[in-house]
file work_28.txt (compact mmCIF, N, CA and C atoms)
# COMPACT_ATOMS: atom_id res chain seq x y z
N MET O 18 98.36 96.65 124.89
CA MET O 18 98.39 96.30 123.49
C MET O 18 97.03 96.63 122.87
N ILE O 19 97.06 97.18 121.64
CA ILE O 19 95.84 97.54 120.93
C ILE O 19 95.96 97.11 119.47
N ARG O 20 94.82 97.11 118.77
CA ARG O 20 94.78 96.85 117.33
C ARG O 20 93.97 97.98 116.70
N LYS O 21 94.52 98.57 115.65
CA LYS O 21 93.89 99.68 114.95
C LYS O 21 93.59 99.30 113.50
N HIS O 22 92.45 99.78 113.03
CA HIS O 22 92.08 99.69 111.62
C HIS O 22 92.22 101.10 111.07
N LEU O 23 93.11 101.29 110.10
CA LEU O 23 93.44 102.62 109.61
C LEU O 23 93.20 102.72 108.11
N PHE O 24 92.76 103.90 107.69
CA PHE O 24 92.66 104.24 106.27
C PHE O 24 93.46 105.52 106.06
N PHE O 25 94.42 105.48 105.12
CA PHE O 25 95.26 106.63 104.81
C PHE O 25 94.84 107.19 103.47
N SER O 26 94.65 108.52 103.41
CA SER O 26 94.32 109.22 102.17
C SER O 26 95.41 110.22 101.85
N GLY O 27 95.54 110.55 100.58
CA GLY O 27 96.55 111.50 100.12
C GLY O 27 97.37 110.88 99.02
N ARG O 28 98.65 111.24 98.95
CA ARG O 28 99.54 110.60 97.99
C ARG O 28 100.15 109.39 98.70
N VAL O 29 99.41 108.27 98.66
CA VAL O 29 99.79 107.08 99.42
C VAL O 29 99.91 105.83 98.55
N GLN O 30 99.64 105.97 97.25
CA GLN O 30 99.84 104.85 96.33
C GLN O 30 100.86 105.24 95.28
N GLY O 31 101.67 104.27 94.88
CA GLY O 31 102.70 104.53 93.89
C GLY O 31 103.92 105.23 94.45
N VAL O 32 104.04 105.28 95.78
CA VAL O 32 105.16 105.98 96.43
C VAL O 32 105.88 105.08 97.44
N GLY O 33 105.61 103.77 97.39
CA GLY O 33 106.27 102.84 98.30
C GLY O 33 105.66 102.79 99.69
N PHE O 34 104.44 103.27 99.84
CA PHE O 34 103.80 103.33 101.16
C PHE O 34 103.70 101.95 101.80
N ARG O 35 103.20 100.97 101.05
CA ARG O 35 103.01 99.63 101.64
C ARG O 35 104.33 99.02 102.08
N TYR O 36 105.34 99.14 101.25
CA TYR O 36 106.63 98.54 101.59
C TYR O 36 107.31 99.27 102.73
N GLN O 37 107.22 100.60 102.72
CA GLN O 37 107.76 101.39 103.82
C GLN O 37 107.07 101.05 105.13
N SER O 38 105.73 101.00 105.10
CA SER O 38 104.99 100.74 106.33
C SER O 38 105.26 99.33 106.85
N ALA O 39 105.37 98.35 105.95
CA ALA O 39 105.66 96.98 106.38
C ALA O 39 107.04 96.90 107.01
N TRP O 40 108.02 97.54 106.38
CA TRP O 40 109.38 97.52 106.92
C TRP O 40 109.43 98.20 108.29
N MET O 41 108.80 99.39 108.39
CA MET O 41 108.79 100.13 109.66
C MET O 41 108.07 99.35 110.75
N ALA O 42 106.93 98.77 110.40
CA ALA O 42 106.15 98.01 111.39
C ALA O 42 106.95 96.83 111.92
N ARG O 43 107.63 96.13 111.02
CA ARG O 43 108.45 94.99 111.46
C ARG O 43 109.58 95.46 112.37
N GLU O 44 110.21 96.57 112.02
CA GLU O 44 111.30 97.12 112.84
C GLU O 44 110.81 97.49 114.24
N LEU O 45 109.55 97.93 114.33
CA LEU O 45 108.97 98.33 115.61
C LEU O 45 108.35 97.14 116.37
N GLY O 46 108.34 95.96 115.75
CA GLY O 46 107.77 94.78 116.40
C GLY O 46 106.25 94.73 116.37
N LEU O 47 105.65 95.44 115.40
CA LEU O 47 104.19 95.45 115.26
C LEU O 47 103.75 94.33 114.33
N THR O 48 102.50 93.92 114.46
CA THR O 48 101.93 92.91 113.57
C THR O 48 100.74 93.51 112.83
N GLY O 49 100.31 92.83 111.76
CA GLY O 49 99.15 93.28 111.00
C GLY O 49 99.37 93.14 109.52
N TRP O 50 98.75 94.04 108.74
CA TRP O 50 98.85 94.00 107.29
C TRP O 50 98.52 95.37 106.71
N VAL O 51 98.89 95.54 105.44
CA VAL O 51 98.62 96.78 104.72
C VAL O 51 98.29 96.43 103.27
N ARG O 52 97.38 97.19 102.65
CA ARG O 52 97.05 96.97 101.24
C ARG O 52 96.50 98.25 100.62
N ASN O 53 96.66 98.36 99.31
CA ASN O 53 96.05 99.45 98.55
C ASN O 53 94.57 99.15 98.35
N LEU O 54 93.78 100.21 98.25
CA LEU O 54 92.37 100.09 97.89
C LEU O 54 92.17 100.69 96.51
N SER O 55 91.17 100.23 95.81
CA SER O 55 90.92 100.70 94.44
C SER O 55 90.51 102.17 94.39
N ASP O 56 90.11 102.75 95.53
CA ASP O 56 89.71 104.16 95.56
C ASP O 56 90.88 105.11 95.82
N GLY O 57 92.11 104.57 95.87
CA GLY O 57 93.29 105.41 96.05
C GLY O 57 93.80 105.50 97.47
N ARG O 58 93.04 104.97 98.41
CA ARG O 58 93.48 104.97 99.80
C ARG O 58 94.32 103.73 100.08
N VAL O 59 94.95 103.71 101.26
CA VAL O 59 95.64 102.53 101.76
C VAL O 59 94.98 102.13 103.07
N GLU O 60 94.71 100.84 103.20
CA GLU O 60 94.08 100.28 104.40
C GLU O 60 95.13 99.50 105.19
N MET O 61 95.05 99.62 106.52
CA MET O 61 96.01 98.93 107.38
C MET O 61 95.32 98.46 108.65
N GLU O 62 95.68 97.26 109.08
CA GLU O 62 95.39 96.81 110.44
C GLU O 62 96.74 96.64 111.10
N VAL O 63 96.90 97.22 112.27
CA VAL O 63 98.19 97.15 112.96
C VAL O 63 97.95 96.93 114.45
N GLN O 64 98.80 96.10 115.03
CA GLN O 64 98.64 95.69 116.42
C GLN O 64 99.97 95.80 117.16
N GLY O 65 99.89 96.30 118.39
CA GLY O 65 101.06 96.42 119.25
C GLY O 65 100.82 97.49 120.29
N LYS O 66 101.92 97.98 120.88
CA LYS O 66 101.81 99.05 121.86
C LYS O 66 101.34 100.32 121.16
N GLU O 67 100.41 101.03 121.81
CA GLU O 67 99.85 102.24 121.20
C GLU O 67 100.94 103.25 120.84
N SER O 68 101.94 103.40 121.70
CA SER O 68 103.02 104.36 121.43
C SER O 68 103.79 103.98 120.17
N LEU O 69 103.95 102.69 119.90
CA LEU O 69 104.67 102.24 118.71
C LEU O 69 103.84 102.43 117.45
N ILE O 70 102.53 102.25 117.57
CA ILE O 70 101.64 102.52 116.42
C ILE O 70 101.67 104.00 116.09
N THR O 71 101.64 104.84 117.10
CA THR O 71 101.75 106.29 116.89
C THR O 71 103.07 106.64 116.23
N GLN O 72 104.15 106.00 116.67
CA GLN O 72 105.47 106.22 116.07
C GLN O 72 105.48 105.81 114.60
N LEU O 73 104.85 104.68 114.28
CA LEU O 73 104.75 104.22 112.89
C LEU O 73 104.07 105.28 112.03
N ILE O 74 102.94 105.79 112.48
CA ILE O 74 102.19 106.79 111.71
C ILE O 74 103.02 108.05 111.51
N LEU O 75 103.72 108.50 112.55
CA LEU O 75 104.57 109.68 112.43
C LEU O 75 105.72 109.46 111.46
N GLN O 76 106.31 108.29 111.49
CA GLN O 76 107.39 107.98 110.55
C GLN O 76 106.88 107.98 109.12
N LEU O 77 105.69 107.44 108.91
CA LEU O 77 105.11 107.44 107.56
C LEU O 77 104.81 108.86 107.10
N LYS O 78 104.33 109.70 108.01
CA LYS O 78 104.03 111.09 107.65
C LYS O 78 105.30 111.84 107.25
N ASN O 79 106.44 111.43 107.78
CA ASN O 79 107.71 112.09 107.49
C ASN O 79 108.52 111.40 106.41
N ALA O 80 108.00 110.32 105.85
CA ALA O 80 108.73 109.57 104.82
C ALA O 80 108.75 110.35 103.51
N PRO O 81 109.84 110.22 102.73
CA PRO O 81 109.90 110.91 101.44
C PRO O 81 108.84 110.37 100.47
N TYR O 82 108.32 111.26 99.64
CA TYR O 82 107.35 110.97 98.57
C TYR O 82 105.93 110.74 99.08
N ILE O 83 105.77 110.28 100.31
CA ILE O 83 104.44 110.02 100.87
C ILE O 83 103.86 111.33 101.41
N ARG O 84 102.58 111.58 101.10
CA ARG O 84 101.91 112.75 101.66
C ARG O 84 100.55 112.30 102.20
N ILE O 85 100.49 112.09 103.49
CA ILE O 85 99.24 111.66 104.13
C ILE O 85 98.41 112.91 104.43
N GLU O 86 97.21 112.95 103.87
CA GLU O 86 96.31 114.08 104.09
C GLU O 86 95.27 113.78 105.17
N ARG O 87 94.96 112.49 105.33
CA ARG O 87 93.92 112.12 106.31
C ARG O 87 94.17 110.69 106.78
N VAL O 88 93.93 110.47 108.08
CA VAL O 88 93.99 109.13 108.66
C VAL O 88 92.68 108.89 109.39
N GLU O 89 91.97 107.86 108.97
CA GLU O 89 90.76 107.43 109.67
C GLU O 89 91.14 106.23 110.52
N SER O 90 90.71 106.22 111.78
CA SER O 90 91.16 105.19 112.71
C SER O 90 90.01 104.67 113.55
N SER O 91 90.01 103.35 113.76
CA SER O 91 89.06 102.75 114.69
C SER O 91 89.76 101.58 115.39
N ASN O 92 89.25 101.21 116.54
CA ASN O 92 89.83 100.11 117.30
C ASN O 92 89.21 98.79 116.89
N LEU O 93 90.01 97.73 116.95
CA LEU O 93 89.57 96.37 116.63
C LEU O 93 89.95 95.45 117.78
N PRO O 94 89.31 94.27 117.85
CA PRO O 94 89.75 93.26 118.83
C PRO O 94 91.15 92.75 118.48
N LEU O 95 91.91 92.40 119.48
CA LEU O 95 93.25 91.87 119.27
C LEU O 95 93.20 90.52 118.57
N LYS O 96 94.22 90.24 117.78
CA LYS O 96 94.41 88.93 117.16
C LYS O 96 95.69 88.35 117.75
N MET O 97 95.55 87.62 118.82
CA MET O 97 96.71 87.14 119.56
C MET O 97 97.56 86.15 118.77
N GLN O 98 96.97 85.45 117.80
CA GLN O 98 97.71 84.46 117.03
C GLN O 98 98.58 85.09 115.94
N GLU O 99 98.38 86.37 115.65
CA GLU O 99 99.12 87.04 114.60
C GLU O 99 100.58 87.25 115.02
N LYS O 100 101.51 86.91 114.13
CA LYS O 100 102.93 86.94 114.48
C LYS O 100 103.78 87.86 113.62
N SER O 101 103.22 88.42 112.53
CA SER O 101 104.04 89.20 111.62
C SER O 101 103.22 90.33 111.00
N PHE O 102 103.89 91.13 110.16
CA PHE O 102 103.24 92.21 109.43
C PHE O 102 103.44 91.93 107.94
N SER O 103 102.35 91.94 107.17
CA SER O 103 102.43 91.56 105.76
C SER O 103 101.86 92.63 104.85
N THR O 104 102.24 92.53 103.58
CA THR O 104 101.70 93.37 102.52
C THR O 104 100.72 92.52 101.74
N ARG O 105 99.51 93.03 101.55
CA ARG O 105 98.49 92.29 100.81
C ARG O 105 98.25 92.92 99.45
N PHE O 106 97.60 92.15 98.59
CA PHE O 106 97.25 92.64 97.26
C PHE O 106 96.13 93.66 97.35
N THR O 107 96.00 94.47 96.32
CA THR O 107 94.97 95.50 96.24
C THR O 107 93.59 94.90 96.41
N HIS O 108 92.75 95.59 97.15
CA HIS O 108 91.37 95.16 97.38
C HIS O 108 90.45 96.06 96.57
N ASN O 109 89.53 95.46 95.82
CA ASN O 109 88.59 96.24 95.01
C ASN O 109 87.44 96.76 95.80

call {"tool": "encode", "arguments": {"input": "work_28.txt", "output": "structure tokens"}}
result
Amino acid sequence: MIRKHLFFSGRVQGVGFRYQSAWMARELGLTGWVRNLSDGRVEMEVQGKESLITQLILQLKNAPYIRIERVESSNLPLKMQEKSFSTRFTHN
């Protein structure tokens, strides 16, 4: 199990990215959160099996209307108490 901190750039706001990613993450049994940033990117923390996180990213890349141009990724410590995946409000 791993936890990733991700930043997505491209056409990722105003296209249902947060709702799509939350729905997909829940379907895959992943936990974490996603939110828009004021600079046009989307930020995500996601936790689960590495193969499922990779699958989530690939599904988002193939989703209609979304165009991911860049993904920045780093590892984070696990949050064992986390039980769900949520959508957060925009962060300035």

call {"tool": "closest_residue", "arguments": {"input": "work_28.txt", "among": "O:Arg43, O:Arg52, O:Arg58, O:Lys96", "to": "Phe24 of chain O", "atoms": "only C-alpha atoms"}}
result
O:Arg58

call {"tool": "closest_residue", "arguments": {"input": "work_28.txt", "among": "O:Asn79, O:Ser26, O:Ser38, O:Asn92", "to": "Glu67 of chain O", "atoms": "only C-alpha atoms"}}
result
O:Asn92

call {"tool": "closest_residue", "arguments": {"input": "work_28.txt", "among": "O:Ile74, O:Glu60, O:Ser55, O:Lys21", "to": "Ala42 of chain O", "atoms": "only C-alpha atoms"}}
result
O:Ile74

call {"tool": "closest_residue", "arguments": {"input": "work_28.txt", "among": "O:Pro81, O:Gly57, O:Gly49, O:Gly65", "to": "Ser101 of chain O", "atoms": "all atoms listed in the file"}}
result
O:Gly49

call {"tool": "atom_distance", "arguments": {"input": "work_28.txt", "atom1": "atom C of Leu77 of chain O", "atom2": "atom N of Phe34 of chain O"}}
result
9.2 Å

call {"tool": "axis_aligned_box", "arguments": {"input": "work_28.txt", "around": "segment 89-94 of chain O", "padding_each_side": "5 Å", "output": "AutoDock Vina command-line options"}}
result
--center_x 90.5 --center_y 100.3 --center_z 113.9 --size_x 12.9 --size_y 25.1 --size_z 19.9

call {"tool": "atom_distance", "arguments": {"input": "work_28.txt", "atom1": "atom C of Leu69 of chain O", "atom2": "atom N of Arg20 of chain O"}}
result
10.6 Å

call {"tool": "atom_distance", "arguments": {"input": "work_28.txt", "atom1": "atom CA of Lys78 of chain O", "atom2": "atom CA of Glu44 of chain O"}}
result
16.6 Å

call {"tool": "closest_residue", "arguments": {"input": "work_28.txt", "among": "O:Leu75, O:Val51, O:Ile83, O:Leu23", "to": "Tyr36 of chain O", "atoms": "only N, CA and C atoms"}}
result
O:Val51

call {"tool": "closest_residue", "arguments": {"input": "work_28.txt", "among": "O:Arg28, O:His22, O:Ile70, O:Met41", "to": "Ser91 of chain O", "atoms": "all atoms listed in the file"}}
result
O:His22

call {"tool": "select_by_dssp", "arguments": {"input": "work_28.txt", "residues": "chain O", "states": "alpha helix (DSSP H)", "output": "list in words"}}
result
Phe34, Arg35, Tyr36, Gln37, Ser38, Ala39, Trp40, Met41, Ala42, Arg43, Glu44, Leu45, Glu67, Ser68, Leu69, Ile70, Thr71, Gln72, Leu73, Ile74, Leu75, Gln76, Leu77 and Lys78 of chain O

call {"tool": "write_last_selection", "arguments": {"input": "work_28.txt", "atoms": "N, CA and C atoms", "output": "PDB file, in the frame of the given file"}}
result
ATOM      1  N   PHE O  34     104.440 103.270  99.840  1.00  0.00           N
ATOM      2  CA  PHE O  34     103.800 103.330 101.160  1.00  0.00           C
ATOM      3  C   PHE O  34     103.700 101.950 101.800  1.00  0.00           C
ATOM      4  N   ARG O  35     103.200 100.970 101.050  1.00  0.00           N
ATOM      5  CA  ARG O  35     103.010  99.630 101.640  1.00  0.00           C
ATOM      6  C   ARG O  35     104.330  99.020 102.080  1.00  0.00           C
ATOM      7  N   TYR O  36     105.340  99.140 101.250  1.00  0.00           N
ATOM      8  CA  TYR O  36     106.630  98.540 101.590  1.00  0.00           C
ATOM      9  C   TYR O  36     107.310  99.270 102.730  1.00  0.00           C
ATOM     10  N   GLN O  37     107.220 100.600 102.720  1.00  0.00           N
ATOM     11  CA  GLN O  37     107.760 101.390 103.820  1.00  0.00           C
ATOM     12  C   GLN O  37     107.070 101.050 105.130  1.00  0.00           C
ATOM     13  N   SER O  38     105.730 101.000 105.100  1.00  0.00           N
ATOM     14  CA  SER O  38     104.990 100.740 106.330  1.00  0.00           C
ATOM     15  C   SER O  38     105.260  99.330 106.850  1.00  0.00           C
ATOM     16  N   ALA O  39     105.370  98.350 105.950  1.00  0.00           N
ATOM     17  CA  ALA O  39     105.660  96.980 106.380  1.00  0.00           C
ATOM     18  C   ALA O  39     107.040  96.900 107.010  1.00  0.00           C
ATOM     19  N   TRP O  40     108.020  97.540 106.380  1.00  0.00           N
ATOM     20  CA  TRP O  40     109.380  97.520 106.920  1.00  0.00           C
ATOM     21  C   TRP O  40     109.430  98.200 108.290  1.00  0.00           C
ATOM     22  N   MET O  41     108.800  99.390 108.390  1.00  0.00           N
ATOM     23  CA  MET O  41     108.790 100.130 109.660  1.00  0.00           C
ATOM     24  C   MET O  41     108.070  99.350 110.750  1.00  0.00           C
ATOM     25  N   ALA O  42     106.930  98.770 110.400  1.00  0.00           N
ATOM     26  CA  ALA O  42     106.150  98.010 111.390  1.00  0.00           C
ATOM     27  C   ALA O  42     106.950  96.830 111.920  1.00  0.00           C
ATOM     28  N   ARG O  43     107.630  96.130 111.020  1.00  0.00           N
ATOM     29  CA  ARG O  43     108.450  94.990 111.460  1.00  0.00           C
ATOM     30  C   ARG O  43     109.580  95.460 112.370  1.00  0.00           C
ATOM     31  N   GLU O  44     110.210  96.570 112.020  1.00  0.00           N
ATOM     32  CA  GLU O  44     111.300  97.120 112.840  1.00  0.00           C
ATOM     33  C   GLU O  44     110.810  97.490 114.240  1.00  0.00           C
ATOM     34  N   LEU O  45     109.550  97.930 114.330  1.00  0.00           N
ATOM     35  CA  LEU O  45     108.970  98.330 115.610  1.00  0.00           C
ATOM     36  C   LEU O  45     108.350  97.140 116.370  1.00  0.00           C
ATOM     37  N   GLU O  67     100.410 101.030 121.810  1.00  0.00           N
ATOM     38  CA  GLU O  67      99.850 102.240 121.200  1.00  0.00           C
ATOM     39  C   GLU O  67     100.940 103.250 120.840  1.00  0.00           C
ATOM     40  N   SER O  68     101.940 103.400 121.700  1.00  0.00           N
ATOM     41  CA  SER O  68     103.020 104.360 121.430  1.00  0.00           C
ATOM     42  C   SER O  68     103.790 103.980 120.170  1.00  0.00           C
ATOM     43  N   LEU O  69     103.950 102.690 119.900  1.00  0.00           N
ATOM     44  CA  LEU O  69     104.670 102.240 118.710  1.00  0.00           C
ATOM     45  C   LEU O  69     103.840 102.430 117.450  1.00  0.00           C
ATOM     46  N   ILE O  70     102.530 102.250 117.570  1.00  0.00           N
ATOM     47  CA  ILE O  70     101.640 102.520 116.420  1.00  0.00           C
ATOM     48  C   ILE O  70     101.670 104.000 116.090  1.00  0.00           C
ATOM     49  N   THR O  71     101.640 104.840 117.100  1.00  0.00           N
ATOM     50  CA  THR O  71     101.750 106.290 116.890  1.00  0.00           C
ATOM     51  C   THR O  71     103.070 106.640 116.230  1.00  0.00           C
ATOM     52  N   GLN O  72     104.150 106.000 116.670  1.00  0.00           N
ATOM     53  CA  GLN O  72     105.470 106.220 116.070  1.00  0.00           C
ATOM     54  C   GLN O  72     105.480 105.810 114.600  1.00  0.00           C
ATOM     55  N   LEU O  73     104.850 104.680 114.280  1.00  0.00           N
ATOM     56  CA  LEU O  73     104.750 104.220 112.890  1.00  0.00           C
ATOM     57  C   LEU O  73     104.070 105.280 112.030  1.00  0.00           C
ATOM     58  N   ILE O  74     102.940 105.790 112.480  1.00  0.00           N
ATOM     59  CA  ILE O  74     102.190 106.790 111.710  1.00  0.00           C
ATOM     60  C   ILE O  74     103.020 108.050 111.510  1.00  0.00           C
ATOM     61  N   LEU O  75     103.720 108.500 112.550  1.00  0.00           N
ATOM     62  CA  LEU O  75     104.570 109.680 112.430  1.00  0.00           C
ATOM     63  C   LEU O  75     105.720 109.460 111.460  1.00  0.00           C
ATOM     64  N   GLN O  76     106.310 108.290 111.490  1.00  0.00           N
ATOM     65  CA  GLN O  76     107.390 107.980 110.550  1.00  0.00           C
ATOM     66  C   GLN O  76     106.880 107.980 109.120  1.00  0.00           C
ATOM     67  N   LEU O  77     105.690 107.440 108.910  1.00  0.00           N
ATOM     68  CA  LEU O  77     105.110 107.440 107.560  1.00  0.00           C
ATOM     69  C   LEU O  77     104.810 108.860 107.100  1.00  0.00           C
ATOM     70  N   LYS O  78     104.330 109.700 108.010  1.00  0.00           N
ATOM     71  CA  LYS O  78     104.030 111.090 107.650  1.00  0.00           C
ATOM     72  C   LYS O  78     105.300 111.840 107.250  1.00  0.00           C
TER      73      LYS O  78
END

call {"tool": "residues_near_point", "arguments": {"input": "work_28.txt", "point": "(90.1, 99.3, 95.8)", "cutoff": "6 Å", "atoms": "only C-alpha atoms", "output": "ChimeraX atom specification"}}
result
/O:54-56,108-109

call {"tool": "select_by_dssp", "arguments": {"input": "work_28.txt", "residues": "segment 19-108 of chain O", "states": "strand (DSSP E or B)", "output": "VMD selection string"}}
result
chain O and resid 19 to 28 48 to 54 59 to 65 84 to 93 102 to 104 108
